[in-house]
>>> print(open('protein.cif').read())   # mmCIF, C-alpha atoms and all ligand atoms
data_input
loop_
_atom_site.label_atom_id
_atom_site.label_comp_id
_atom_site.auth_asym_id
_atom_site.auth_seq_id
_atom_site.Cartn_x
_atom_site.Cartn_y
_atom_site.Cartn_z
CA MET A 1 0.97 -67.30 8.48
CA GLY A 2 -0.93 -70.39 9.68
CA LYS A 3 -0.98 -73.75 7.88
CA LYS A 4 -4.42 -73.04 6.39
CA ALA A 5 -3.33 -69.67 5.03
CA GLU A 6 -0.18 -71.22 3.46
CA LYS A 7 -2.26 -73.79 1.58
CA THR A 8 -4.62 -71.19 0.17
CA GLN A 9 -2.04 -68.54 -0.76
CA LYS A 10 -2.65 -67.28 -4.29
CA LEU A 11 0.42 -66.71 -6.43
CA ASP A 12 0.73 -63.84 -8.87
CA GLU A 13 3.33 -64.23 -11.63
CA ILE A 14 3.74 -60.48 -11.91
CA VAL A 15 4.59 -60.19 -8.21
CA ILE A 16 7.18 -62.93 -8.70
CA SER A 17 8.67 -61.07 -11.67
CA ARG A 18 8.65 -57.73 -9.85
CA ALA A 19 10.34 -59.33 -6.82
CA ILE A 20 13.22 -60.55 -8.95
CA ILE A 21 13.68 -57.35 -10.92
CA GLU A 22 13.28 -54.94 -8.00
CA GLU A 23 15.42 -56.86 -5.52
CA PHE A 24 18.23 -57.48 -8.01
CA THR A 25 18.19 -53.91 -9.27
CA LYS A 26 18.32 -52.52 -5.74
CA ASP A 27 21.44 -54.56 -5.03
CA PHE A 28 23.05 -53.86 -8.37
CA LEU A 29 22.58 -50.10 -8.01
CA GLU A 30 23.99 -50.20 -4.49
CA TYR A 31 27.06 -52.12 -5.61
CA LEU A 32 27.97 -49.96 -8.61
CA GLU A 33 30.26 -48.08 -6.19
CA VAL A 34 32.28 -50.25 -3.83
CA ASP A 35 35.45 -50.35 -1.78
CA VAL A 36 36.76 -53.40 -3.62
CA ALA A 37 35.65 -54.93 -6.91
CA ILE A 38 36.95 -58.44 -7.49
CA VAL A 39 36.91 -59.99 -10.93
CA GLY A 40 36.37 -63.75 -10.83
CA ALA A 41 34.57 -65.90 -8.25
CA GLY A 42 37.13 -68.70 -8.18
CA PRO A 43 38.74 -69.84 -4.92
CA ALA A 44 41.08 -66.82 -4.73
CA GLY A 45 38.39 -64.23 -5.50
CA MET A 46 35.85 -65.64 -3.06
CA THR A 47 38.42 -65.97 -0.25
CA ALA A 48 39.57 -62.39 -0.82
CA GLY A 49 35.95 -61.23 -0.75
CA TYR A 50 35.26 -63.09 2.47
CA TYR A 51 38.22 -61.57 4.36
CA LEU A 52 37.46 -58.06 3.11
CA ALA A 53 33.75 -58.26 3.92
CA LYS A 54 34.55 -59.67 7.34
CA LYS A 55 36.29 -56.34 8.03
CA LYS A 56 33.18 -54.49 6.84
CA LYS A 57 34.47 -53.47 3.41
CA LYS A 58 31.89 -53.16 0.65
CA VAL A 59 32.83 -55.83 -1.87
CA ALA A 60 31.38 -56.90 -5.20
CA ILE A 61 32.58 -59.93 -7.15
CA PHE A 62 31.82 -60.03 -10.86
CA GLU A 63 31.78 -63.52 -12.34
CA ARG A 64 31.40 -64.32 -16.00
CA LYS A 65 29.92 -67.77 -15.63
CA LEU A 66 26.59 -69.00 -14.31
CA SER A 67 28.36 -70.86 -11.53
CA VAL A 68 30.98 -69.65 -9.07
CA GLY A 69 34.01 -71.74 -8.10
CA GLY A 70 36.18 -71.43 -11.20
CA GLY A 71 38.51 -74.41 -11.58
CA MET A 72 37.64 -75.94 -8.24
CA TRP A 73 34.57 -78.06 -8.98
CA GLY A 74 36.44 -80.71 -10.93
CA GLY A 75 39.30 -81.25 -8.42
CA GLY A 76 41.92 -82.92 -10.63
CA ILE A 77 40.94 -84.51 -13.96
CA MET A 78 37.25 -84.25 -12.99
CA LEU A 79 37.69 -86.30 -9.78
CA ASN A 80 35.91 -84.04 -7.34
CA ARG A 81 38.40 -83.96 -4.49
CA CYS A 82 40.67 -80.99 -3.73
CA VAL A 83 44.07 -81.27 -2.07
CA PHE A 84 45.27 -78.73 0.51
CA GLN A 85 48.57 -78.48 2.34
CA GLU A 86 48.99 -77.93 6.08
CA VAL A 87 49.53 -74.17 5.94
CA SER A 88 46.13 -73.57 4.34
CA LYS A 89 44.08 -75.80 6.65
CA SER A 90 43.28 -73.01 9.12
CA ILE A 91 41.28 -71.18 6.42
CA LEU A 92 39.21 -74.31 5.71
CA ASP A 93 38.63 -74.75 9.44
CA GLU A 94 37.60 -71.11 9.79
CA ILE A 95 34.97 -71.25 7.04
CA GLY A 96 33.76 -74.71 8.01
CA VAL A 97 34.95 -76.96 5.16
CA ARG A 98 35.53 -80.49 6.45
CA THR A 99 38.97 -81.93 5.72
CA SER A 100 40.23 -85.47 5.65
CA LYS A 101 43.88 -86.13 6.48
CA TYR A 102 45.49 -88.10 3.66
CA ARG A 103 49.13 -88.06 4.83
CA LYS A 104 51.21 -85.81 7.01
CA GLY A 105 50.74 -82.30 5.61
CA TYR A 106 48.18 -83.32 2.94
CA TYR A 107 44.42 -82.93 3.32
CA THR A 108 41.57 -83.59 0.92
CA THR A 109 38.14 -81.99 0.74
CA ASP A 110 35.01 -82.62 -1.30
CA SER A 111 35.29 -80.01 -4.03
CA LEU A 112 31.53 -79.42 -4.10
CA GLU A 113 31.49 -78.77 -0.35
CA THR A 114 34.53 -76.51 -0.70
CA VAL A 115 33.03 -74.32 -3.43
CA SER A 116 29.55 -74.12 -1.93
CA THR A 117 30.83 -73.35 1.59
CA LEU A 118 33.29 -70.74 0.36
CA CYS A 119 30.53 -69.07 -1.65
CA SER A 120 28.00 -69.19 1.17
CA THR A 121 30.51 -67.92 3.75
CA ALA A 122 31.56 -65.02 1.52
CA ILE A 123 27.96 -63.99 0.83
CA LYS A 124 26.96 -64.27 4.48
CA ALA A 125 29.96 -62.09 5.41
CA GLY A 126 28.50 -59.40 3.13
CA VAL A 127 30.04 -59.96 -0.31
CA ARG A 128 27.70 -59.48 -3.27
CA ILE A 129 28.45 -61.85 -6.11
CA PHE A 130 27.08 -60.88 -9.51
CA ASN A 131 27.29 -63.85 -11.83
CA LEU A 132 26.77 -63.88 -15.60
CA LEU A 133 28.58 -60.53 -15.84
CA SER A 134 31.87 -60.20 -17.73
CA VAL A 135 34.43 -57.50 -17.15
CA GLU A 136 35.43 -56.37 -20.61
CA ASP A 137 37.39 -53.20 -19.89
CA VAL A 138 38.64 -50.88 -17.16
CA MET A 139 38.27 -47.18 -16.35
CA ILE A 140 41.53 -45.27 -15.89
CA ARG A 141 41.89 -41.70 -14.65
CA LYS A 142 45.34 -40.08 -14.46
CA ASP A 143 47.10 -43.49 -14.56
CA ILE A 144 44.94 -44.94 -11.77
CA ILE A 145 42.35 -47.66 -12.27
CA THR A 146 39.06 -46.37 -10.97
CA GLY A 147 36.56 -48.95 -12.14
CA LEU A 148 35.38 -51.77 -14.35
CA VAL A 149 33.38 -51.99 -17.55
CA LEU A 150 30.66 -54.66 -17.34
CA ASN A 151 28.42 -56.44 -19.74
CA TRP A 152 26.23 -59.53 -19.57
CA SER A 153 28.27 -62.57 -20.63
CA ALA A 154 25.38 -63.51 -22.92
CA VAL A 155 26.06 -60.39 -25.00
CA SER A 156 29.51 -61.53 -26.09
CA LEU A 157 28.40 -65.18 -26.38
CA ALA A 158 25.67 -64.14 -28.82
CA ASN A 159 28.01 -61.65 -30.47
CA LEU A 160 25.52 -58.84 -29.91
CA HIS A 161 26.49 -55.22 -30.42
CA VAL A 162 25.37 -53.85 -27.03
CA ASP A 163 27.19 -51.22 -24.98
CA PRO A 164 28.37 -52.00 -21.44
CA ILE A 165 27.90 -50.17 -18.13
CA THR A 166 30.45 -49.29 -15.43
CA ALA A 167 31.18 -49.84 -11.74
CA ARG A 168 33.51 -47.72 -9.61
CA ALA A 169 35.87 -49.15 -6.97
CA LYS A 170 38.65 -47.87 -4.73
CA TYR A 171 40.59 -51.11 -5.31
CA ILE A 172 40.33 -53.79 -7.96
CA VAL A 173 41.49 -57.40 -7.70
CA ASP A 174 42.21 -59.45 -10.80
CA ALA A 175 41.30 -62.98 -9.69
CA THR A 176 40.54 -64.24 -13.19
CA GLY A 177 42.88 -67.26 -13.04
CA HIS A 178 45.43 -68.34 -15.65
CA ASP A 179 44.42 -65.66 -18.18
CA ALA A 180 44.91 -62.66 -15.87
CA GLU A 181 42.32 -60.93 -18.02
CA ILE A 182 42.19 -57.57 -16.29
CA VAL A 183 45.96 -57.12 -16.24
CA ARG A 184 46.03 -58.06 -19.93
CA ILE A 185 43.42 -55.40 -20.68
CA VAL A 186 45.59 -52.81 -18.91
CA THR A 187 48.72 -53.67 -20.92
CA ARG A 188 46.76 -53.77 -24.17
CA LYS A 189 45.17 -50.39 -23.54
CA ILE A 190 47.97 -48.39 -21.93
CA GLY A 191 51.18 -50.29 -22.62
CA LYS A 192 53.80 -52.06 -20.51
CA LYS A 193 53.42 -50.16 -17.26
CA LEU A 194 53.00 -52.99 -14.76
CA TYR A 195 55.10 -53.34 -11.60
CA THR A 196 56.99 -56.28 -13.10
CA GLU A 197 60.61 -56.52 -14.32
CA THR A 198 59.61 -55.73 -17.91
CA GLY A 199 56.44 -53.78 -17.31
CA ASP A 200 54.61 -56.56 -19.14
CA LEU A 201 53.07 -59.85 -17.99
CA LEU A 202 55.93 -62.28 -17.38
CA GLY A 203 53.77 -65.34 -18.13
CA GLU A 204 53.03 -68.52 -16.26
CA LYS A 205 55.84 -71.12 -16.00
CA PRO A 206 55.52 -74.93 -16.26
CA MET A 207 54.03 -77.04 -13.47
CA TRP A 208 55.96 -77.13 -10.18
CA ALA A 209 53.53 -77.48 -7.28
CA GLU A 210 55.94 -76.74 -4.44
CA ILE A 211 57.37 -73.56 -5.95
CA GLY A 212 54.07 -72.45 -7.45
CA GLU A 213 52.30 -72.65 -4.10
CA LYS A 214 55.05 -70.55 -2.52
CA THR A 215 55.36 -67.90 -5.21
CA ILE A 216 51.62 -67.43 -5.58
CA VAL A 217 51.49 -65.82 -2.16
CA GLU A 218 54.63 -63.73 -2.80
CA ASN A 219 53.24 -62.68 -6.19
CA THR A 220 49.94 -61.56 -4.70
CA LYS A 221 50.48 -57.83 -4.81
CA LYS A 222 49.77 -54.55 -6.46
CA VAL A 223 50.52 -54.64 -10.16
CA TYR A 224 49.32 -51.18 -11.20
CA PRO A 225 47.89 -48.23 -9.21
CA ASN A 226 44.82 -49.60 -7.35
CA LEU A 227 45.00 -52.96 -9.17
CA TYR A 228 46.00 -56.15 -7.33
CA VAL A 229 46.42 -59.71 -8.54
CA ALA A 230 45.42 -62.83 -6.62
CA GLY A 231 45.26 -66.55 -7.30
CA MET A 232 46.63 -68.03 -10.50
CA ALA A 233 46.60 -64.57 -12.09
CA ALA A 234 49.40 -63.56 -9.67
CA ASN A 235 51.73 -66.27 -10.97
CA ALA A 236 50.73 -65.54 -14.57
CA VAL A 237 51.64 -61.87 -14.14
CA PHE A 238 54.83 -62.30 -12.12
CA GLY A 239 56.18 -65.43 -13.85
CA GLY A 240 55.48 -68.14 -11.28
CA PRO A 241 54.84 -71.78 -12.16
CA ARG A 242 51.43 -73.44 -12.27
CA MET A 243 50.72 -75.92 -9.50
CA GLY A 244 47.89 -78.14 -10.72
CA PRO A 245 45.16 -79.44 -8.45
CA ILE A 246 46.43 -78.26 -5.07
CA PHE A 247 44.32 -75.35 -3.87
CA GLY A 248 45.89 -74.07 -0.63
CA GLY A 249 47.79 -71.32 -2.43
CA MET A 250 44.56 -69.98 -3.92
CA LEU A 251 43.00 -69.49 -0.50
CA LEU A 252 46.21 -68.08 0.98
CA SER A 253 46.53 -65.69 -1.95
CA GLY A 254 42.94 -64.52 -1.47
CA GLN A 255 43.63 -63.96 2.22
CA ARG A 256 46.87 -62.12 1.40
CA VAL A 257 45.31 -59.70 -1.06
CA ALA A 258 42.64 -58.87 1.50
CA GLU A 259 45.35 -58.14 4.08
CA LEU A 260 47.23 -55.92 1.62
CA ILE A 261 44.14 -53.90 0.76
CA LEU A 262 43.05 -53.65 4.40
CA SER A 263 46.51 -52.35 5.33
CA ARG A 264 45.93 -49.39 3.00
O1 LIG B 1 40.26 -69.99 -12.68
P1 LIG B 1 39.83 -69.70 -11.30
O2 LIG B 1 39.43 -70.85 -10.45
O3 LIG B 1 41.01 -68.82 -10.64
P2 LIG B 1 41.77 -68.90 -9.22
O4 LIG B 1 40.87 -68.48 -8.13
O5 LIG B 1 42.03 -70.47 -9.02
C1 LIG B 1 42.78 -71.22 -9.94
C2 LIG B 1 42.42 -72.68 -9.75
O6 LIG B 1 41.04 -72.88 -9.99
C3 LIG B 1 43.17 -73.64 -10.66
C4 LIG B 1 44.52 -73.93 -10.09
C5 LIG B 1 45.71 -73.59 -10.81
O7 LIG B 1 46.43 -74.76 -11.07
O8 LIG B 1 44.64 -74.46 -9.02
O9 LIG B 1 43.20 -73.14 -11.98
O10 LIG B 1 43.04 -68.22 -9.43
O11 LIG B 1 38.61 -68.67 -11.31
C6 LIG B 1 38.66 -67.52 -12.09
C7 LIG B 1 37.23 -67.06 -12.32
O12 LIG B 1 37.27 -65.81 -13.00
C8 LIG B 1 36.21 -65.78 -13.97
C9 LIG B 1 36.15 -67.22 -14.48
O13 LIG B 1 34.89 -67.50 -15.07
C10 LIG B 1 36.42 -68.02 -13.21
O14 LIG B 1 35.24 -68.38 -12.54
N1 LIG B 1 36.58 -64.79 -14.99
C11 LIG B 1 37.66 -64.85 -15.84
N2 LIG B 1 37.70 -63.75 -16.60
C12 LIG B 1 36.63 -62.98 -16.24
C13 LIG B 1 35.92 -63.64 -15.22
C14 LIG B 1 36.13 -61.71 -16.68
N3 LIG B 1 36.74 -60.98 -17.63
N4 LIG B 1 34.99 -61.23 -16.10
C15 LIG B 1 34.36 -61.93 -15.12
N5 LIG B 1 34.80 -63.13 -14.66
#
>>> encode(input="protein.cif", output="structure tokens", more="lines below")
Ligand code: 48F
Amino acid sequence: MGKKAEKTQKLDEIVISRAIIEEFTKDFLEYLEVDVAIVGAGPAGMTAGYYLAKKKKKVAIFERKLSVGGGMWGGGIMLNRCVFQEVSKSILDEIGVRTSKYRKGYYTTDSLETVSTLCSTAIKAGVRIFNLLSVEDVMIRKDIITGLVLNWSAVSLANLHVDPITARAKYIVDATGHDAEIVRIVTRKIGKKLYTETGDLLGEKPMWAEIGEKTIVENTKKVYPNLYVAGMAANAVFGGPRMGPIFGGMLLSGQRVAELILSR
């Protein structure tokens, strides 16, 4: 289209509306059946999505909030810098987040750059992120999780009595952070059948950055048939400590869960 044509283009509000509805619906319908459904677009969920999509898996991330990024935007106490340790730097380099060396083994990033780059890289690798959708339940067939129950977050916020819809997935990742919401739903609905010592959530332990960052990767694993935990949810389920505003473990956990699922 030439410059003249651009200036004189007429705009039709109905075309704009149809574009939104048709394009979104096309995607949504396509992603109601996926290889991997990830709940939560925090650092762990988006990293997991990126590594799975990179290997051509069909991945949907369902995020309750308007914005992705979970607890990453505010760095520590709303100071928008994130800290990463040496072992996680290669992931930042791979996705193109700039790092600044603070001391030996410690790097900082701009949290806004980190979230936006992680999100953009995941989407460009093929992940579809559906924001404003809450996972409120799971589908279970013969003791295996087969899918998620979804509703618009606005429905619960407004306390409306509206039924949800469902999405089917071969594998599900609970990347919902401290609350480990999906694992909690499983124990509430079908009892203490998790792959933990007690069958129940063991609960997050007090802050200990060094141990927390180590255990979060070890605790990233299958917790119930076809259900994996990643990110802070992994330590909440398997009894690891919290680690505060250091984010390397979140990325490493996301990468780990992708590896585990790909190895299946
Ligand atoms: O909390 P969040 O950032 O989890 P993460 O990826 O990273 C944890 C760190 O941010 C931080 C830390 C620990 O000290 O370093 O806490 O493990 O992101 C979780 C995302 O899941 C969404 C939530 O809105 C957030 O963006 N979420 C939670 N429950 C649901 C959900 C749900 N039921 N349905 C959809 N999204």
>>> residues_around(input="protein.cif", residues="Lys221 of chain A", least_positions_apart="4", cutoff="10 Å", atoms="all atoms listed in the file", output="JSON, numbers by chain")
{"A": [173, 195, 216, 217, 227, 228, 229, 230, 234, 238, 253, 256, 257, 260, 261]}
>>> residues_around(input="protein.cif", residues="Val135 of chain A", least_positions_apart="5", cutoff="8 Å", atoms="all atoms listed in the file", output="MDAnalysis selection string")
chainID A and resid 39 62 64 148:151 182
>>> atom_distance(input="protein.cif", atom1="atom CA of Val127 of chain A", atom2="atom C8 of ligand LIG 1 (chain B)")
16.1 Å
>>> closest_residue(input="protein.cif", among="A:Thr166, A:Asn131, A:Thr25, A:Thr215", to="ligand LIG 1 (chain B)", atoms="all atoms listed in the file")
A:Asn131
>>> closest_residue(input="protein.cif", among="A:Leu262, A:Met139, A:Ala122, A:Ile246", to="ligand LIG 1 (chain B)", atoms="all atoms listed in the file")
A:Ile246
>>> axis_aligned_box(input="protein.cif", around="ligand LIG 1 (chain B)", padding_each_side="4 Å", output="JSON")
{"center_x": 40.4, "center_y": -67.9, "center_z": -12.9, "size_x": 20.1, "size_y": 21.8, "size_z": 17.5}
>>> residues_near_ligand(input="protein.cif", ligand="ligand LIG 1 (chain B)", cutoff="7 Å", atoms="all atoms listed in the file", output="NGL selection string")
:A and (39-45 or 62-65 or 68-72 or 133-136 or 175-178 or 181-182 or 230-233 or 242-247 or 250)
>>> closest_residue(input="protein.cif", among="A:Val83, A:Leu92, A:Cys119, A:Ile61", to="Tyr106 of chain A", atoms="all atoms listed in the file")
A:Val83
>>> atom_distance(input="protein.cif", atom1="atom CA of Tyr107 of chain A", atom2="atom CA of Gly126 of chain A")
28.4 Å
>>> closest_residue(input="protein.cif", among="A:Val186, A:Leu157, A:Leu132, A:Leu112", to="Ile144 of chain A", atoms="only C-alpha atoms")
A:Val186
>>> closest_residue(input="protein.cif", among="A:Ile211, A:Leu118, A:Tyr51, A:Ser88", to="Gly105 of chain A", atoms="all atoms listed in the file")
A:Ser88
>>> residues_around(input="protein.cif", residues="Val36 of chain A", least_positions_apart="2", cutoff="9 Å", atoms="only C-alpha atoms", output="list in words")
Glu33, Val34, Ile38, Gly49, Leu52, Lys57, Lys58, Val59, Ala60, Ile61, Arg168, Ala169, Lys170, Tyr171, Ile172, Val173 and Ile261 of chain A
>>> closest_residue(input="protein.cif", among="A:Asn226, A:Ser120, A:Ser156, A:Thr114", to="Val183 of chain A", atoms="all atoms listed in the file")
A:Asn226
>>> atom_distance(input="protein.cif", atom1="atom CA of Thr99 of chain A", atom2="atom CA of Phe84 of chain A")
8.8 Å
>>> residues_around(input="protein.cif", residues="segment 80-82 of chain A", least_positions_apart="2", cutoff="6 Å", atoms="all atoms listed in the file", output="list of chain:residue names")
A:Gly74, A:Gly75, A:Met78, A:Thr108, A:Thr109, A:Asp110, A:Ser111
